[in-house]
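Here is the file run-v3.tsv (TSV, C-alpha atoms).
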```tsv
chain	number	residue	atom	x	y	z
I	1	LEU	CA	-14.94	12.52	13.39
I	2	ARG	CA	-18.56	13.08	12.39
I	3	GLU	CA	-19.22	15.35	15.39
I	4	ALA	CA	-16.01	17.29	14.83
I	5	LEU	CA	-16.84	17.99	11.19
I	6	GLU	CA	-20.45	18.91	11.88
I	7	ASN	CA	-19.52	21.33	14.70
I	8	ILE	CA	-16.80	23.28	12.90
I	9	SER	CA	-17.52	27.00	13.07
I	10	PRO	CA	-17.90	29.56	11.68
I	11	ALA	CA	-20.14	28.20	8.98
I	12	GLY	CA	-18.99	28.53	5.41
I	13	VAL	CA	-15.30	28.15	6.20
I	14	PRO	CA	-13.60	25.62	3.90
I	15	ILE	CA	-12.83	22.35	5.70
I	16	TYR	CA	-9.75	20.31	4.87
I	17	LEU	CA	-9.13	16.87	6.33
I	18	SER	CA	-6.18	14.47	6.18
I	19	LEU	CA	-6.67	10.69	6.39
I	20	VAL	CA	-4.65	7.54	5.83
I	21	PRO	CA	-6.28	4.92	3.56
I	22	THR	CA	-7.23	2.70	6.51
I	23	GLN	CA	-9.21	5.53	8.10
I	24	LEU	CA	-10.91	6.31	4.79
I	25	ARG	CA	-11.89	2.69	4.25
I	26	ARG	CA	-13.49	2.55	7.72
I	27	ALA	CA	-15.24	5.90	7.27
I	28	LEU	CA	-16.87	4.80	4.02
I	29	THR	CA	-18.67	1.96	5.84
I	30	ASP	CA	-20.72	4.40	7.96
I	31	PRO	CA	-23.46	6.40	6.17
I	32	GLU	CA	-23.41	9.21	8.77
I	33	ILE	CA	-19.64	9.63	8.52
I	34	ARG	CA	-19.82	9.57	4.72
I	35	ALA	CA	-22.34	12.43	4.88
I	36	ALA	CA	-20.06	14.37	7.23
I	37	LEU	CA	-17.07	13.86	4.95
I	38	ARG	CA	-18.98	15.57	2.14
I	39	LEU	CA	-18.70	18.79	4.18
I	40	CYS	CA	-14.98	18.82	3.40
I	41	SER	CA	-13.72	20.96	0.54
I	42	ALA	CA	-10.93	18.42	0.09
I	43	ILE	CA	-9.65	15.32	1.84
I	44	LEU	CA	-5.95	14.56	1.61
I	45	VAL	CA	-5.18	10.84	1.56
I	46	GLY	CA	-1.60	9.85	2.26
I	47	GLY	CA	0.73	8.04	4.62
I	48	ALA	CA	0.43	4.82	2.60
I	49	ARG	CA	-0.44	3.68	-0.88
I	50	ILE	CA	-4.17	3.94	-1.61
I	51	SER	CA	-5.70	1.29	-3.85
I	52	PRO	CA	-7.43	2.48	-7.01
I	53	SER	CA	-10.63	0.73	-5.91
I	54	LEU	CA	-10.73	2.61	-2.58
I	55	LEU	CA	-10.00	5.91	-4.30
I	56	ALA	CA	-12.80	5.28	-6.78
I	57	ALA	CA	-15.21	4.23	-4.02
I	58	GLY	CA	-14.60	7.46	-2.12
I	59	ARG	CA	-15.03	9.63	-5.17
I	60	GLU	CA	-18.23	7.81	-6.10
I	61	GLN	CA	-19.55	8.97	-2.72
I	62	GLY	CA	-18.97	12.58	-3.75
I	63	LEU	CA	-15.75	13.07	-1.78
I	64	ASN	CA	-13.04	15.33	-3.19
I	65	LEU	CA	-10.08	13.03	-2.50
I	66	VAL	CA	-6.58	14.31	-3.20
I	67	THR	CA	-3.69	11.85	-2.98
I	68	THR	CA	-0.59	13.21	-1.31
I	69	TYR	CA	2.98	11.91	-1.29
I	70	GLY	CA	5.72	13.06	1.05
I	71	MET	CA	7.47	12.17	4.30
I	72	THR	CA	8.97	13.63	7.45
I	73	GLU	CA	12.14	14.56	5.57
I	74	THR	CA	10.15	16.67	3.10
I	75	CYS	CA	8.04	18.32	5.84
I	76	GLY	CA	4.95	16.49	4.60
I	77	GLY	CA	3.36	16.25	1.20
I	78	CYS	CA	5.19	17.68	-1.80
I	79	VAL	CA	3.40	15.74	-4.59
I	80	TYR	CA	-0.40	16.00	-4.89
I	81	ASP	CA	-2.47	13.79	-7.21
I	82	GLY	CA	0.84	12.77	-8.73
I	83	VAL	CA	1.90	16.34	-9.60
I	84	PRO	CA	4.89	17.96	-7.82
I	85	LEU	CA	4.45	21.31	-6.11
I	86	PRO	CA	6.18	24.30	-7.76
I	87	GLY	CA	9.92	24.00	-7.19
I	88	VAL	CA	9.73	20.25	-6.55
I	89	LYS	CA	11.33	17.72	-8.89
I	90	VAL	CA	10.61	13.99	-8.94
I	91	ALA	CA	12.90	11.39	-10.48
I	92	VAL	CA	12.45	7.64	-10.82
I	93	ASN	CA	15.71	5.76	-11.21
I	94	GLU	CA	15.57	1.96	-11.54
I	95	GLY	CA	12.10	2.04	-9.97
I	96	ARG	CA	13.18	4.13	-6.96
I	97	ILE	CA	11.56	7.51	-6.29
I	98	CYS	CA	13.94	10.44	-5.73
I	99	LEU	CA	12.92	13.94	-4.69
I	100	SER	CA	14.55	17.34	-5.07
I	101	THR	CA	12.54	19.82	-3.06
I	102	PRO	CA	12.99	23.12	-1.22
I	103	THR	CA	10.89	21.57	1.55
I	104	LEU	CA	13.71	19.15	2.49
I	105	MET	CA	14.13	19.58	6.23
I	106	SER	CA	17.26	21.58	6.98
I	107	GLY	CA	19.60	19.99	9.50
I	108	TYR	CA	17.65	16.73	9.64
I	109	LEU	CA	19.46	14.98	6.81
I	110	GLU	CA	22.78	16.17	5.46
I	111	ALA	CA	24.70	14.98	2.40
I	112	GLU	CA	27.85	14.22	4.38
I	113	SER	CA	26.06	12.11	7.00
I	114	ASP	CA	23.18	10.41	5.19
I	115	PRO	CA	23.81	8.16	2.16
I	116	GLU	CA	20.30	8.84	0.83
I	117	ILE	CA	21.09	12.53	0.27
I	118	ARG	CA	22.99	13.01	-2.98
I	119	GLU	CA	24.38	16.06	-4.71
I	120	ILE	CA	24.12	15.73	-8.51
I	121	SER	CA	25.20	18.66	-10.69
I	122	GLY	CA	24.52	21.09	-7.86
I	123	THR	CA	21.06	19.67	-7.11
I	124	THR	CA	20.27	17.95	-3.81
I	125	TRP	CA	18.30	14.71	-4.20
I	126	LEU	CA	16.70	12.52	-1.54
I	127	ALA	CA	16.60	8.85	-2.56
I	128	THR	CA	13.45	7.52	-0.90
I	129	ASN	CA	12.62	3.95	0.08
I	130	ASP	CA	9.57	4.01	-2.18
I	131	ALA	CA	8.98	2.41	-5.56
I	132	GLY	CA	7.07	4.09	-8.35
I	133	ARG	CA	6.94	5.12	-11.96
I	134	ILE	CA	6.27	8.19	-14.06
I	135	ILE	CA	3.12	8.15	-16.22
I	136	PHE	CA	3.35	10.45	-19.23
I	137	ALA	CA	0.43	11.92	-21.13
I	138	ASP	CA	2.59	11.39	-24.21
I	139	GLU	CA	3.60	7.71	-24.19
I	140	ASP	CA	6.70	8.41	-26.29
I	141	ALA	CA	7.98	10.83	-23.65
I	142	GLY	CA	8.27	7.97	-21.18
I	143	LYS	CA	10.90	6.21	-23.29
I	144	ALA	CA	13.71	8.54	-22.20
I	145	ALA	CA	16.77	7.10	-20.50
I	146	ALA	CA	16.75	6.83	-16.70
I	147	PRO	CA	16.55	8.69	-14.47
I	148	ILE	CA	13.28	10.25	-15.52
I	149	ILE	CA	12.80	13.71	-13.97
I	150	VAL	CA	9.44	15.42	-13.73
I	151	ASP	CA	8.71	18.92	-12.47
I	152	SER	CA	5.59	19.83	-14.46
I	153	THR	CA	2.08	18.59	-15.20
I	154	PRO	CA	2.41	16.57	-18.47
I	155	ALA	CA	3.41	13.61	-16.32
I	156	GLN	CA	2.33	12.15	-12.99
I	157	LEU	CA	4.02	10.12	-10.29
I	158	GLU	CA	2.47	6.74	-9.48
I	159	VAL	CA	3.58	5.40	-6.10
I	160	HIS	CA	3.72	1.60	-5.86
I	161	GLY	CA	4.85	1.08	-2.27
I	162	ARG	CA	7.92	0.53	-0.17
I	163	LEU	CA	11.02	-0.91	-1.79
I	164	ASP	CA	11.70	-2.88	1.37
I	165	ASP	CA	8.35	-4.68	1.04
I	166	THR	CA	10.17	-7.59	-0.59
I	167	ILE	CA	10.65	-11.19	0.50
I	168	ILE	CA	12.96	-13.84	-0.92
I	169	SER	CA	11.51	-17.30	-1.51
I	170	GLY	CA	13.65	-20.00	-3.07
I	171	GLY	CA	16.05	-17.35	-4.32
I	172	GLU	CA	13.28	-15.34	-6.01
I	173	ASN	CA	12.61	-11.73	-5.01
I	174	ILE	CA	8.87	-11.23	-4.47
I	175	SER	CA	7.45	-7.71	-4.38
I	176	LEU	CA	4.58	-7.59	-1.88
I	177	PRO	CA	3.10	-4.37	-3.38
I	178	ARG	CA	3.11	-6.03	-6.82
I	179	VAL	CA	1.17	-9.02	-5.51
I	180	THR	CA	-1.22	-6.72	-3.63
I	181	ARG	CA	-1.97	-4.71	-6.79
I	182	ALA	CA	-2.59	-7.91	-8.75
I	183	ALA	CA	-4.98	-9.17	-6.05
I	184	GLU	CA	-6.91	-5.88	-6.14
I	185	HIS	CA	-7.12	-6.11	-9.92
I	186	ALA	CA	-8.49	-9.64	-9.55
I	187	GLY	CA	-11.23	-8.39	-7.23
I	188	PHE	CA	-9.72	-9.37	-3.86
I	189	SER	CA	-9.83	-6.39	-1.49
I	190	GLY	CA	-9.01	-6.29	2.20
I	191	ILE	CA	-6.04	-8.64	1.83
I	192	GLU	CA	-2.36	-8.30	2.76
I	193	PHE	CA	0.72	-10.40	2.06
I	194	CYS	CA	3.72	-11.28	4.18
I	195	GLY	CA	6.64	-13.67	4.29
I	196	LEU	CA	6.69	-16.65	6.66
I	197	PRO	CA	9.88	-18.48	7.67
I	198	ASP	CA	10.25	-21.87	6.02
I	199	GLU	CA	13.08	-24.37	6.24
I	200	GLU	CA	12.90	-25.31	2.56
I	201	TRP	CA	12.13	-22.00	0.85
I	202	GLY	CA	13.56	-19.52	3.34
I	203	GLN	CA	10.27	-17.64	3.23
I	204	LEU	CA	6.80	-18.54	1.99
I	205	LEU	CA	4.49	-15.95	0.51
I	206	CYS	CA	1.39	-15.91	2.71
I	207	ALA	CA	-1.95	-14.31	1.85
I	208	VAL	CA	-3.52	-12.86	4.99
I	209	PHE	CA	-7.25	-12.21	4.99
I	210	SER	CA	-9.06	-10.02	7.50
I	211	ALA	CA	-12.34	-11.51	8.71
I	212	ALA	CA	-13.69	-7.98	9.19
I	213	ALA	CA	-13.13	-7.21	5.49
I	214	LEU	CA	-14.50	-10.46	4.06
I	215	PRO	CA	-18.03	-10.60	2.69
I	216	THR	CA	-20.43	-13.08	4.22
I	217	PRO	CA	-20.50	-16.00	4.36
I	218	ARG	CA	-17.01	-15.97	5.86
I	219	PRO	CA	-14.80	-19.07	5.98
I	220	ASP	CA	-15.67	-20.96	9.16
I	221	ASP	CA	-13.08	-23.71	8.96
I	222	THR	CA	-9.68	-24.40	7.44
I	223	ARG	CA	-11.18	-26.13	4.40
I	224	ASP	CA	-13.09	-22.98	3.47
I	225	LEU	CA	-9.98	-20.91	4.08
I	226	ALA	CA	-7.87	-23.20	1.88
I	227	GLN	CA	-10.49	-22.94	-0.88
I	228	LEU	CA	-10.36	-19.15	-0.63
I	229	GLY	CA	-6.59	-19.35	-0.95
I	230	HIS	CA	-6.85	-21.59	-4.02
I	231	GLN	CA	-9.29	-19.15	-5.64
I	232	LEU	CA	-6.87	-16.29	-5.04
I	233	ARG	CA	-3.93	-18.30	-6.38
I	234	GLU	CA	-5.78	-19.24	-9.58
I	235	SER	CA	-6.94	-15.65	-10.09
I	236	LEU	CA	-3.35	-14.42	-9.87
I	237	ARG	CA	-1.87	-17.09	-12.11
I	238	GLN	CA	-2.48	-15.12	-15.32
I	239	GLN	CA	-0.97	-11.93	-13.88
I	240	LEU	CA	2.08	-13.08	-11.93
I	241	PRO	CA	5.00	-15.50	-12.34
I	242	PRO	CA	4.75	-18.75	-10.35
I	243	ALA	CA	7.09	-17.52	-7.60
I	244	HIS	CA	4.68	-14.64	-6.84
I	245	LEU	CA	1.69	-16.91	-6.17
I	246	PRO	CA	0.83	-17.32	-2.45
I	247	ARG	CA	1.74	-20.69	-0.98
I	248	ALA	CA	0.01	-20.25	2.38
I	249	VAL	CA	-3.06	-18.49	3.70
I	250	ALA	CA	-4.06	-17.13	7.11
I	251	LEU	CA	-7.13	-15.47	8.58
I	252	LEU	CA	-6.98	-12.70	11.18
I	253	PRO	CA	-9.94	-11.17	13.01
I	254	GLN	CA	-8.59	-7.82	11.80
I	255	PHE	CA	-5.26	-6.45	10.64
I	256	PRO	CA	-2.81	-5.16	13.27
I	257	LEU	CA	-2.39	-1.40	12.95
I	258	LEU	CA	0.13	1.14	14.15
I	259	PRO	CA	-1.14	4.15	16.16
I	260	SER	CA	-1.05	6.13	12.91
I	261	GLY	CA	-3.59	3.75	11.36
I	262	LYS	CA	-1.07	2.18	8.98
I	263	LEU	CA	-0.66	-1.57	8.70
I	264	ASP	CA	1.82	-2.96	11.25
I	265	ARG	CA	3.54	-5.37	8.87
I	266	ARG	CA	5.96	-6.58	11.57
I	267	ALA	CA	3.03	-7.83	13.63
I	268	LEU	CA	1.33	-9.41	10.62
I	269	PRO	CA	3.23	-12.71	10.14
I	270	PRO	CA	2.56	-15.54	12.57
I	271	ALA	CA	5.77	-16.62	14.29
I	272	PRO	CA	6.03	-20.27	13.14
I	273	PRO	CA	5.92	-21.34	9.49
I	274	ILE	CA	2.50	-22.36	8.20
I	275	LYS	CA	2.63	-26.05	7.35
I	276	LYS	CA	-0.33	-27.56	9.15
I	277	THR	CA	-3.73	-26.42	10.20
I	278	ALA	CA	-3.56	-24.80	13.61
I	279	PRO	CA	-6.80	-23.01	14.49
I	280	GLY	CA	-6.78	-20.37	17.19
I	281	ALA	CA	-3.02	-20.09	17.60
I	282	ASN	CA	-0.02	-18.00	16.65
I	283	ASN	CA	-0.40	-14.34	17.49
I	284	GLY	CA	-4.11	-14.04	16.89
I	285	VAL	CA	-4.37	-16.11	13.74
I	286	THR	CA	-7.70	-17.86	13.94
I	287	ASP	CA	-7.22	-20.24	11.05
I	288	GLN	CA	-4.27	-21.07	8.86
I	289	THR	CA	-3.44	-23.71	6.32
I	290	ASP	CA	-0.96	-24.63	3.63
I	291	ILE	CA	-2.16	-24.10	0.04
I	292	SER	CA	1.15	-24.84	-1.67
I	293	PRO	CA	0.89	-27.35	-4.52
I	294	LYS	CA	1.80	-30.90	-3.56
```

Please, can you express the file's structure as structure tokens?
Amino acid sequence: LREALENISPAGVPIYLSLVPTQLRRALTDPEIRAALRLCSAILVGGARISPSLLAAGREQGLNLVTTYGMTETCGGCVYDGVPLPGVKVAVNEGRICLSTPTLMSGYLEAESDPEIREISGTTWLATNDAGRIIFADEDAGKAAAPIIVDSTPAQLEVHGRLDDTIISGGENISLPRVTRAAEHAGFSGIEFCGLPDEEWGQLLCAVFSAAALPTPRPDDTRDLAQLGHQLRESLRQQLPPAHLPRAVALLPQFPLLPSGKLDRRALPPAPPIKKTAPGANNGVTDQTDISPK
């Protein structure tokens, strides 16, 4: 990436780059790549939710980061830095993001064949699988009845994550993006959450740490890992209901990624439920332990 940016010619031509958050996080760890990224007039960051801390870290390095939201069905990004492009409308209905856009791919999704395409009062809407909310400059404007529709700049779209990133534990629905945001707010970065099968609870909420993202000294045995899990649990206690507190913890050498650079959530959970310490087993998990209260 550094060589490609430095060798772009002719000189003086604006450079635009597109990254997913995982790529940006890795790039920020290398001083030479950071310097090369400053050659870009703008860097689009999309493909997954970007944490506020990562966005701030990149901008503190002098990078012009622009968040982008879109998908294959919309031919790419149609909302930039939370603001829809001209002609694009965004609605949030019961927490679900809906889009009405002239960039909707013709012939790919049709109202008569796809239940997520809906015709409302002559307007075609795509109901996405993403959760979000509308942030208004005028707080009173956000008190309108749902759905909230935005097609101008006094309001911005905040994307929270996939609606299907939900597990059920003991009959309680647990939003993984909600827990992730709370962990980031508590100062825990480089951490993901997943559901593990459990005979009693159906699924256990598991906090998965990446050894590559942990500061030194890193946990070198299951007791250290359990302590890290307890610290996380106590930090989240003031922000989340009891059902949303992690009951198990695991440590991976690094997170499994898809070829696109996004997290491969399907490869994240170890196969068996975490009940006992089992170092060096279960799909690359180096250490795992139960931190649920006795």

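Considering the residues I:Leu214, I:Leu5, I:Leu163, I:Ala131 and counting all atoms listed in the file, Gly187 (chain I) has its shortest atom-to-atom contact with I:Leu214.
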
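The gap separating CA of Lys262 (chain I) from CA of Gln23 (chain I) is 8.8 Å, in Å to one decimal.
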
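In this model, the gap between CA of Asp30 (chain I) and CA of Glu192 (chain I) comes to 22.9 Å.
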
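Among I:Val83, I:Ala250, I:Leu236, I:Ile97, the residue with the shortest atom-to-atom distance to Phe136 (chain I), counting all atoms listed in the file, is I:Val83.
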
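Nearest residue to Ser100 (chain I) among I:Gly70, I:Gly202, I:Gly190, I:Gly82 is I:Gly70, counting all atoms listed in the file.
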
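By chain and then residue number, the residues within 9 Å of Leu1 (chain I) are I:Leu5, I:Glu6, I:Ile33, I:Ala36, I:Leu37, counting all atoms listed in the file and disregarding those fewer than 4 positions away in sequence.
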
Write out the residues from the selection above, keeping C-alpha atoms, as a PDB file, keeping the file's coordinate frame.
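File written: out_32.pdb
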```pdb
ATOM      1  CA  LEU I   5     -16.840  17.990  11.190  1.00  0.00           C
ATOM      2  CA  GLU I   6     -20.450  18.910  11.880  1.00  0.00           C
ATOM      3  CA  ILE I  33     -19.640   9.630   8.520  1.00  0.00           C
ATOM      4  CA  ALA I  36     -20.060  14.370   7.230  1.00  0.00           C
ATOM      5  CA  LEU I  37     -17.070  13.860   4.950  1.00  0.00           C
TER       6      LEU I  37
END
```

**OP:** Determine the nearest neighbour of Thr68 (chain I) from the options I:Leu204, I:Val45, I:Ala4, I:Ala56, counting all atoms listed in the file.
**Re:** I:Val45

**OP:** Name the closest residue to Leu268 (chain I) among the candidates I:His230, I:Cys75, I:Leu240, I:Phe209; distances are taken between atoms, counting only C-alpha atoms.
**Re:** I:Phe209

**OP:** To one decimal in Å, tell me the separation between CA of Gln61 (chain I) and CA of Glu184 (chain I).
**Re:** 19.8 Å

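Counting only C-alpha atoms, the residue from I:Arg118, I:Arg96, I:His185, I:Arg247 that sits nearest to Arg162 (chain I) is I:Arg96.
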
I want to know what sits within 8 Å of Leu104 (chain I), based on all atoms listed in the file, with residues of the same chain fewer than 2 positions away left out; could you give that as a PDB file with C-alpha atoms, in the frame of the given file?
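The result, stored in selection32.pdb:
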```pdb
ATOM      1  CA  GLU I  73      12.140  14.560   5.570  1.00  0.00           C
ATOM      2  CA  THR I  74      10.150  16.670   3.100  1.00  0.00           C
ATOM      3  CA  CYS I  75       8.040  18.320   5.840  1.00  0.00           C
ATOM      4  CA  SER I 100      14.550  17.340  -5.070  1.00  0.00           C
ATOM      5  CA  THR I 101      12.540  19.820  -3.060  1.00  0.00           C
ATOM      6  CA  PRO I 102      12.990  23.120  -1.220  1.00  0.00           C
ATOM      7  CA  SER I 106      17.260  21.580   6.980  1.00  0.00           C
TER       8      SER I 106
END
```

Could you work out an axis-aligned box for region 244-262 of chain I, taking every atom the file lists and adding 6 Å on each side, and report centre and edge lengths in Å to one decimal, as AutoDock Vina command-line options?
```
--center_x -2.6 --center_y -7.3 --center_z 4.7 --size_x 26.6 --size_y 38.8 --size_z 35.0
```
